[in-house]
file final_31.pdb (PDB, C-alpha atoms)
MODEL        1
ATOM      1  CA  MET A   9      25.074  12.026   2.276
ATOM      2  CA  THR A  10      21.518  11.729   0.923
ATOM      3  CA  SER A  11      22.772  11.373  -2.650
ATOM      4  CA  LYS A  12      25.143   8.585  -1.640
ATOM      5  CA  ILE A  13      22.347   6.663   0.071
ATOM      6  CA  ILE A  14      20.145   7.036  -2.995
ATOM      7  CA  ILE A  15      23.000   5.798  -5.207
ATOM      8  CA  VAL A  16      23.360   2.730  -2.972
ATOM      9  CA  LEU A  17      19.621   2.097  -3.333
ATOM     10  CA  ALA A  18      19.890   2.467  -7.126
ATOM     11  CA  GLY A  19      22.651  -0.138  -7.111
ATOM     12  CA  LEU A  20      20.472  -2.503  -5.110
ATOM     13  CA  MET A  21      17.578  -1.875  -7.494
ATOM     14  CA  GLY A  22      19.819  -2.693 -10.459
ATOM     15  CA  ALA A  23      21.084  -5.884  -8.847
ATOM     16  CA  GLY A  24      17.539  -6.889  -7.926
ATOM     17  CA  GLY A  25      16.429  -6.253 -11.477
ATOM     18  CA  VAL A  26      19.105  -8.537 -12.903
ATOM     19  CA  ILE A  27      18.250 -11.242 -10.359
ATOM     20  CA  LEU A  28      14.545 -11.048 -11.203
ATOM     21  CA  ALA A  29      15.290 -11.133 -14.936
ATOM     22  CA  ALA A  30      17.373 -14.287 -14.457
ATOM     23  CA  ALA A  31      14.688 -15.864 -12.277
ATOM     24  CA  GLY A  32      12.061 -15.026 -14.866
ATOM     25  CA  ALA A  33      14.117 -16.541 -17.657
ATOM     26  CA  HIS A  34      15.264 -19.680 -15.848
ATOM     27  CA  GLY A  35      13.212 -20.406 -12.780
ATOM     28  CA  ALA A  36       9.718 -18.988 -12.970
ATOM     29  CA  PRO A  37       8.799 -17.965 -16.509
ATOM     30  CA  GLY A  38       5.404 -16.403 -17.121
ATOM     31  CA  VAL A  39       4.703 -15.092 -13.615
ATOM     32  CA  GLY A  40       5.512 -11.433 -14.234
ATOM     33  CA  LEU A  41       9.097 -11.368 -13.071
ATOM     34  CA  ASP A  42      10.171  -9.786 -16.362
ATOM     35  CA  SER A  43       7.959  -6.765 -15.654
ATOM     36  CA  ALA A  44       9.316  -6.519 -12.131
ATOM     37  CA  ALA A  45      12.892  -6.760 -13.406
ATOM     38  CA  TYR A  46      12.423  -4.101 -16.072
ATOM     39  CA  MET A  47      10.747  -1.758 -13.606
ATOM     40  CA  LEU A  48      13.714  -1.999 -11.233
ATOM     41  CA  LEU A  49      16.363  -1.752 -13.943
ATOM     42  CA  PHE A  50      14.738   1.192 -15.689
ATOM     43  CA  HIS A  51      14.187   3.170 -12.512
ATOM     44  CA  ALA A  52      17.674   2.377 -11.159
ATOM     45  CA  ALA A  53      19.094   4.093 -14.242
ATOM     46  CA  ALA A  54      16.653   6.981 -13.840
ATOM     47  CA  VAL A  55      17.701   7.417 -10.205
ATOM     48  CA  LEU A  56      21.365   7.590 -11.183
ATOM     49  CA  GLY A  57      20.637  10.168 -13.861
ATOM     50  CA  GLY A  58      18.368  12.106 -11.543
ATOM     51  CA  ILE A  59      21.111  12.459  -8.937
ATOM     52  CA  ALA A  60      23.263  14.532 -11.308
ATOM     53  CA  LEU A  61      20.641  16.908 -12.699
ATOM     54  CA  PRO A  62      20.122  19.228  -9.689
ATOM     55  CA  GLN A  63      23.883  19.748  -9.449
ATOM     56  CA  GLN A  64      23.772  21.220 -12.948
ATOM     57  CA  GLY A  65      20.869  23.517 -12.084
ATOM     58  CA  LEU A  66      18.475  21.627 -14.350
ATOM     59  CA  LEU A  67      16.117  20.518 -11.575
ATOM     60  CA  TRP A  68      14.987  22.010  -8.278
ATOM     61  CA  ARG A  69      16.610  19.817  -5.639
ATOM     62  CA  PRO A  70      13.715  19.365  -3.139
ATOM     63  CA  LEU A  71      11.303  18.066  -5.781
ATOM     64  CA  THR A  72      14.048  16.010  -7.384
ATOM     65  CA  LEU A  73      14.582  14.222  -4.071
ATOM     66  CA  VAL A  74      10.842  13.500  -3.940
ATOM     67  CA  ALA A  75      11.074  11.978  -7.424
ATOM     68  CA  LEU A  76      14.148   9.898  -6.558
ATOM     69  CA  VAL A  77      12.633   8.542  -3.351
ATOM     70  CA  GLY A  78       9.395   7.872  -5.226
ATOM     71  CA  TRP A  79      11.231   5.859  -7.868
ATOM     72  CA  VAL A  80      12.971   3.773  -5.205
ATOM     73  CA  LEU A  81       9.840   3.239  -3.104
ATOM     74  CA  GLY A  82       7.502   2.692  -6.051
ATOM     75  CA  GLY A  83       9.894   0.281  -7.729
ATOM     76  CA  ALA A  84      10.325  -1.677  -4.509
ATOM     77  CA  LEU A  85       6.576  -1.963  -3.928
ATOM     78  CA  PHE A  86       5.743  -2.862  -7.524
ATOM     79  CA  SER A  87       8.550  -5.356  -8.036
ATOM     80  CA  GLY A  88       8.499  -6.678  -4.484
ATOM     81  CA  ASP A  89       4.830  -7.549  -4.710
ATOM     82  CA  ILE A  90       5.243  -9.350  -8.025
ATOM     83  CA  ALA A  91       8.321 -11.244  -6.803
ATOM     84  CA  LEU A  92       6.672 -12.251  -3.539
ATOM     85  CA  ARG A  93       3.641 -13.572  -5.417
ATOM     86  CA  ALA A  94       5.916 -15.567  -7.723
ATOM     87  CA  PHE A  95       8.135 -17.037  -5.013
ATOM     88  CA  ALA A  96       5.933 -17.231  -1.906
ATOM     89  CA  GLY A  97       2.430 -17.344  -3.372
ATOM     90  CA  HIS A  98       1.089 -14.304  -1.529
ATOM     91  CA  ARG A  99       1.116 -10.527  -1.824
ATOM     92  CA  LEU A 100       3.286  -7.999  -0.035
ATOM     93  CA  PHE A 101       0.004  -6.332   0.994
ATOM     94  CA  ALA A 102      -3.282  -5.637  -0.763
ATOM     95  CA  MET A 103      -2.783  -3.272  -3.723
ATOM     96  CA  ALA A 104       1.023  -3.111  -3.260
ATOM     97  CA  ALA A 105       1.852  -3.322  -6.973
ATOM     98  CA  PRO A 106      -0.756  -0.738  -8.042
ATOM     99  CA  THR A 107       0.329   1.523  -5.190
ATOM    100  CA  GLY A 108       3.937   1.199  -6.348
ATOM    101  CA  GLY A 109       2.897   2.004  -9.909
ATOM    102  CA  THR A 110       0.967   5.063  -8.755
ATOM    103  CA  ILE A 111       3.972   6.255  -6.762
ATOM    104  CA  LEU A 112       6.161   5.804  -9.851
ATOM    105  CA  ILE A 113       3.791   7.935 -11.937
ATOM    106  CA  ALA A 114       3.673  10.615  -9.231
ATOM    107  CA  ALA A 115       7.469  10.589  -9.022
ATOM    108  CA  TRP A 116       7.753  11.215 -12.778
ATOM    109  CA  LEU A 117       5.341  14.138 -12.377
ATOM    110  CA  ALA A 118       7.481  15.429  -9.495
ATOM    111  CA  LEU A 119      10.488  15.317 -11.799
ATOM    112  CA  ALA A 120       8.608  17.353 -14.398
ATOM    113  CA  ALA A 121       7.599  19.840 -11.690
ATOM    114  CA  ALA A 122      11.216  20.067 -10.504
ATOM    115  CA  ALA A 123      12.218  21.056 -14.028
ATOM    116  CA  VAL A 124       9.462  23.670 -14.244
ATOM    117  CA  VAL A 125      10.510  25.195 -10.899
ATOM    118  CA  ALA A 126      14.169  25.240 -11.943
ATOM    119  CA  LEU A 127      13.186  26.928 -15.194
ATOM    120  CA  ALA A 128      11.092  29.532 -13.378
ATOM    121  CA  ARG A 129      13.897  30.251 -10.908
ATOM    122  CA  SER A 130      16.509  30.830 -13.618
TER     123      SER A 130
ENDMDL
END
call {"tool": "encode", "arguments": {"input": "final_31.pdb", "output": "structure tokens"}}
result
Amino acid sequence: MTSKIIIVLAGLMGAGGVILAAAGAHGAPGVGLDSAAYMLLFHAAAVLGGIALPQQGLLWRPLTLVALVGWVLGGALFSGDIALRAFAGHRLFAMAAPTGGTILIAAWLALAAAAVVALARS
């Protein structure tokens, strides 16, 4: 059930990334929407790949879930803040984009830790 929900969120991230890329190219060039789009698209693909790895014993599942949720949350905060600034002229909240970026970095470290734990357990 959890994996299916995360896959749905990855699909929404991918769709949001394409929408932001189109908006950046056609509607609001130069306001950072390209960065927001790439962040969503890249992490949507990472989430989909990350779902399969614990099933193959390559990652320790609890830390992998932390990484996956971190990618979804961090991507939403980072991209959401940039998009809101572009379209509404104000921030999601103070430091939302940097917080999202920090969560993304921590999630990548959690993925690395999940691999180390899986390696140690094998």
call {"tool": "atom_distance", "arguments": {"input": "final_31.pdb", "atom1": "atom CA of Leu81 of chain A", "atom2": "atom CA of Leu66 of chain A"}}
result
23.2 Å
call {"tool": "atom_distance", "arguments": {"input": "final_31.pdb", "atom1": "atom CA of Met103 of chain A", "atom2": "atom CA of Gly82 of chain A"}}
result
12.1 Å
call {"tool": "closest_atom_pairs", "arguments": {"input": "final_31.pdb", "of": "segment 69-117 of chain A", "to": "segment 48-53 of chain A", "cutoff": "7 Å", "atoms": "all atoms listed in the file", "output": "CSV"}}
result
residue,atom,partner,partner_atom,distance
A:Trp79,CA,A:His51,CA,6.1
A:Gly83,CA,A:Leu48,CA,5.7
A:Ser87,CA,A:Leu48,CA,6.9
call {"tool": "resolve_selection", "arguments": {"input": "final_31.pdb", "expression": "the PyMOL selection byres ((chain A and resi 68) around 12)", "output": "ChimeraX atom specification"}}
result
/A:58-67,69-75,118-130
call {"tool": "write_last_selection", "arguments": {"input": "final_31.pdb", "atoms": "C-alpha atoms", "output": "mmCIF file, in the coordinates of the input"}}
result
data_model
loop_
_atom_site.group_PDB
_atom_site.id
_atom_site.type_symbol
_atom_site.label_atom_id
_atom_site.label_comp_id
_atom_site.auth_asym_id
_atom_site.auth_seq_id
_atom_site.Cartn_x
_atom_site.Cartn_y
_atom_site.Cartn_z
ATOM 1 C CA GLY A 58 18.368 12.106 -11.543
ATOM 2 C CA ILE A 59 21.111 12.459 -8.937
ATOM 3 C CA ALA A 60 23.263 14.532 -11.308
ATOM 4 C CA LEU A 61 20.641 16.908 -12.699
ATOM 5 C CA PRO A 62 20.122 19.228 -9.689
ATOM 6 C CA GLN A 63 23.883 19.748 -9.449
ATOM 7 C CA GLN A 64 23.772 21.220 -12.948
ATOM 8 C CA GLY A 65 20.869 23.517 -12.084
ATOM 9 C CA LEU A 66 18.475 21.627 -14.350
ATOM 10 C CA LEU A 67 16.117 20.518 -11.575
ATOM 11 C CA ARG A 69 16.610 19.817 -5.639
ATOM 12 C CA PRO A 70 13.715 19.365 -3.139
ATOM 13 C CA LEU A 71 11.303 18.066 -5.781
ATOM 14 C CA THR A 72 14.048 16.010 -7.384
ATOM 15 C CA LEU A 73 14.582 14.222 -4.071
ATOM 16 C CA VAL A 74 10.842 13.500 -3.940
ATOM 17 C CA ALA A 75 11.074 11.978 -7.424
ATOM 18 C CA ALA A 118 7.481 15.429 -9.495
ATOM 19 C CA LEU A 119 10.488 15.317 -11.799
ATOM 20 C CA ALA A 120 8.608 17.353 -14.398
ATOM 21 C CA ALA A 121 7.599 19.840 -11.690
ATOM 22 C CA ALA A 122 11.216 20.067 -10.504
ATOM 23 C CA ALA A 123 12.218 21.056 -14.028
ATOM 24 C CA VAL A 124 9.462 23.670 -14.244
ATOM 25 C CA VAL A 125 10.510 25.195 -10.899
ATOM 26 C CA ALA A 126 14.169 25.240 -11.943
ATOM 27 C CA LEU A 127 13.186 26.928 -15.194
ATOM 28 C CA ALA A 128 11.092 29.532 -13.378
ATOM 29 C CA ARG A 129 13.897 30.251 -10.908
ATOM 30 C CA SER A 130 16.509 30.830 -13.618
#
call {"tool": "axis_aligned_box", "arguments": {"input": "final_31.pdb", "around": "segment 44-57 of chain A", "padding_each_side": "8 Å", "output": "AutoDock Vina command-line options"}}
result
--center_x 15.3 --center_y 1.7 --center_z -13.1 --size_x 28.0 --size_y 32.9 --size_z 21.9
call {"tool": "resolve_selection", "arguments": {"input": "final_31.pdb", "expression": "the PyMOL selection byres ((chain A and resi 29) around 8)", "output": "ChimeraX atom specification"}}
result
/A:25-28,30-33,41-42,45-46
call {"tool": "build_atoms", "arguments": {"input": "final_31.pdb", "residues": "segment 105-122 of chain A", "atoms": "N, CA, C and O atoms", "output": "PDB file, in the frame of the given file"}}
result
ATOM      1  N   ALA A 105       1.341  -3.611  -5.631  1.00  0.00           N
ATOM      2  CA  ALA A 105       1.852  -3.322  -6.973  1.00  0.00           C
ATOM      3  C   ALA A 105       1.178  -2.085  -7.578  1.00  0.00           C
ATOM      4  O   ALA A 105       1.877  -1.201  -8.091  1.00  0.00           O
ATOM      5  N   PRO A 106      -0.151  -1.960  -7.510  1.00  0.00           N
ATOM      6  CA  PRO A 106      -0.756  -0.738  -8.042  1.00  0.00           C
ATOM      7  C   PRO A 106      -0.334   0.524  -7.273  1.00  0.00           C
ATOM      8  O   PRO A 106      -0.170   1.589  -7.870  1.00  0.00           O
ATOM      9  N   THR A 107      -0.148   0.383  -5.974  1.00  0.00           N
ATOM     10  CA  THR A 107       0.329   1.523  -5.190  1.00  0.00           C
ATOM     11  C   THR A 107       1.727   1.915  -5.645  1.00  0.00           C
ATOM     12  O   THR A 107       2.033   3.097  -5.816  1.00  0.00           O
ATOM     13  N   GLY A 108       2.592   0.926  -5.844  1.00  0.00           N
ATOM     14  CA  GLY A 108       3.937   1.199  -6.348  1.00  0.00           C
ATOM     15  C   GLY A 108       3.900   1.867  -7.706  1.00  0.00           C
ATOM     16  O   GLY A 108       4.629   2.836  -7.959  1.00  0.00           O
ATOM     17  N   GLY A 109       3.036   1.397  -8.592  1.00  0.00           N
ATOM     18  CA  GLY A 109       2.897   2.004  -9.909  1.00  0.00           C
ATOM     19  C   GLY A 109       2.411   3.443  -9.832  1.00  0.00           C
ATOM     20  O   GLY A 109       2.898   4.322 -10.549  1.00  0.00           O
ATOM     21  N   THR A 110       1.473   3.697  -8.943  1.00  0.00           N
ATOM     22  CA  THR A 110       0.967   5.063  -8.755  1.00  0.00           C
ATOM     23  C   THR A 110       2.059   5.975  -8.215  1.00  0.00           C
ATOM     24  O   THR A 110       2.195   7.124  -8.660  1.00  0.00           O
ATOM     25  N   ILE A 111       2.855   5.466  -7.293  1.00  0.00           N
ATOM     26  CA  ILE A 111       3.972   6.255  -6.762  1.00  0.00           C
ATOM     27  C   ILE A 111       4.982   6.550  -7.870  1.00  0.00           C
ATOM     28  O   ILE A 111       5.519   7.661  -7.951  1.00  0.00           O
ATOM     29  N   LEU A 112       5.240   5.579  -8.734  1.00  0.00           N
ATOM     30  CA  LEU A 112       6.161   5.804  -9.851  1.00  0.00           C
ATOM     31  C   LEU A 112       5.650   6.910 -10.777  1.00  0.00           C
ATOM     32  O   LEU A 112       6.415   7.784 -11.203  1.00  0.00           O
ATOM     33  N   ILE A 113       4.368   6.891 -11.086  1.00  0.00           N
ATOM     34  CA  ILE A 113       3.791   7.935 -11.937  1.00  0.00           C
ATOM     35  C   ILE A 113       3.921   9.294 -11.256  1.00  0.00           C
ATOM     36  O   ILE A 113       4.327  10.286 -11.880  1.00  0.00           O
ATOM     37  N   ALA A 114       3.575   9.353  -9.965  1.00  0.00           N
ATOM     38  CA  ALA A 114       3.673  10.615  -9.231  1.00  0.00           C
ATOM     39  C   ALA A 114       5.115  11.114  -9.176  1.00  0.00           C
ATOM     40  O   ALA A 114       5.365  12.324  -9.264  1.00  0.00           O
ATOM     41  N   ALA A 115       6.060  10.194  -9.068  1.00  0.00           N
ATOM     42  CA  ALA A 115       7.469  10.589  -9.022  1.00  0.00           C
ATOM     43  C   ALA A 115       7.909  11.189 -10.355  1.00  0.00           C
ATOM     44  O   ALA A 115       8.675  12.160 -10.381  1.00  0.00           O
ATOM     45  N   TRP A 116       7.435  10.633 -11.469  1.00  0.00           N
ATOM     46  CA  TRP A 116       7.753  11.215 -12.778  1.00  0.00           C
ATOM     47  C   TRP A 116       7.146  12.608 -12.899  1.00  0.00           C
ATOM     48  O   TRP A 116       7.768  13.520 -13.456  1.00  0.00           O
ATOM     49  N   LEU A 117       5.953  12.799 -12.368  1.00  0.00           N
ATOM     50  CA  LEU A 117       5.341  14.138 -12.377  1.00  0.00           C
ATOM     51  C   LEU A 117       6.122  15.102 -11.484  1.00  0.00           C
ATOM     52  O   LEU A 117       6.266  16.287 -11.818  1.00  0.00           O
ATOM     53  N   ALA A 118       6.644  14.594 -10.359  1.00  0.00           N
ATOM     54  CA  ALA A 118       7.481  15.429  -9.495  1.00  0.00           C
ATOM     55  C   ALA A 118       8.750  15.854 -10.217  1.00  0.00           C
ATOM     56  O   ALA A 118       9.211  16.998 -10.069  1.00  0.00           O
ATOM     57  N   LEU A 119       9.309  14.960 -11.017  1.00  0.00           N
ATOM     58  CA  LEU A 119      10.488  15.317 -11.799  1.00  0.00           C
ATOM     59  C   LEU A 119      10.158  16.439 -12.788  1.00  0.00           C
ATOM     60  O   LEU A 119      10.916  17.401 -12.923  1.00  0.00           O
ATOM     61  N   ALA A 120       9.024  16.310 -13.462  1.00  0.00           N
ATOM     62  CA  ALA A 120       8.608  17.353 -14.398  1.00  0.00           C
ATOM     63  C   ALA A 120       8.418  18.685 -13.659  1.00  0.00           C
ATOM     64  O   ALA A 120       8.836  19.743 -14.142  1.00  0.00           O
ATOM     65  N   ALA A 121       7.797  18.620 -12.486  1.00  0.00           N
ATOM     66  CA  ALA A 121       7.599  19.840 -11.690  1.00  0.00           C
ATOM     67  C   ALA A 121       8.934  20.430 -11.239  1.00  0.00           C
ATOM     68  O   ALA A 121       9.100  21.663 -11.208  1.00  0.00           O
ATOM     69  N   ALA A 122       9.890  19.583 -10.906  1.00  0.00           N
ATOM     70  CA  ALA A 122      11.216  20.067 -10.504  1.00  0.00           C
ATOM     71  C   ALA A 122      11.892  20.819 -11.651  1.00  0.00           C
ATOM     72  O   ALA A 122      12.595  21.802 -11.424  1.00  0.00           O
TER      73      ALA A 122
END
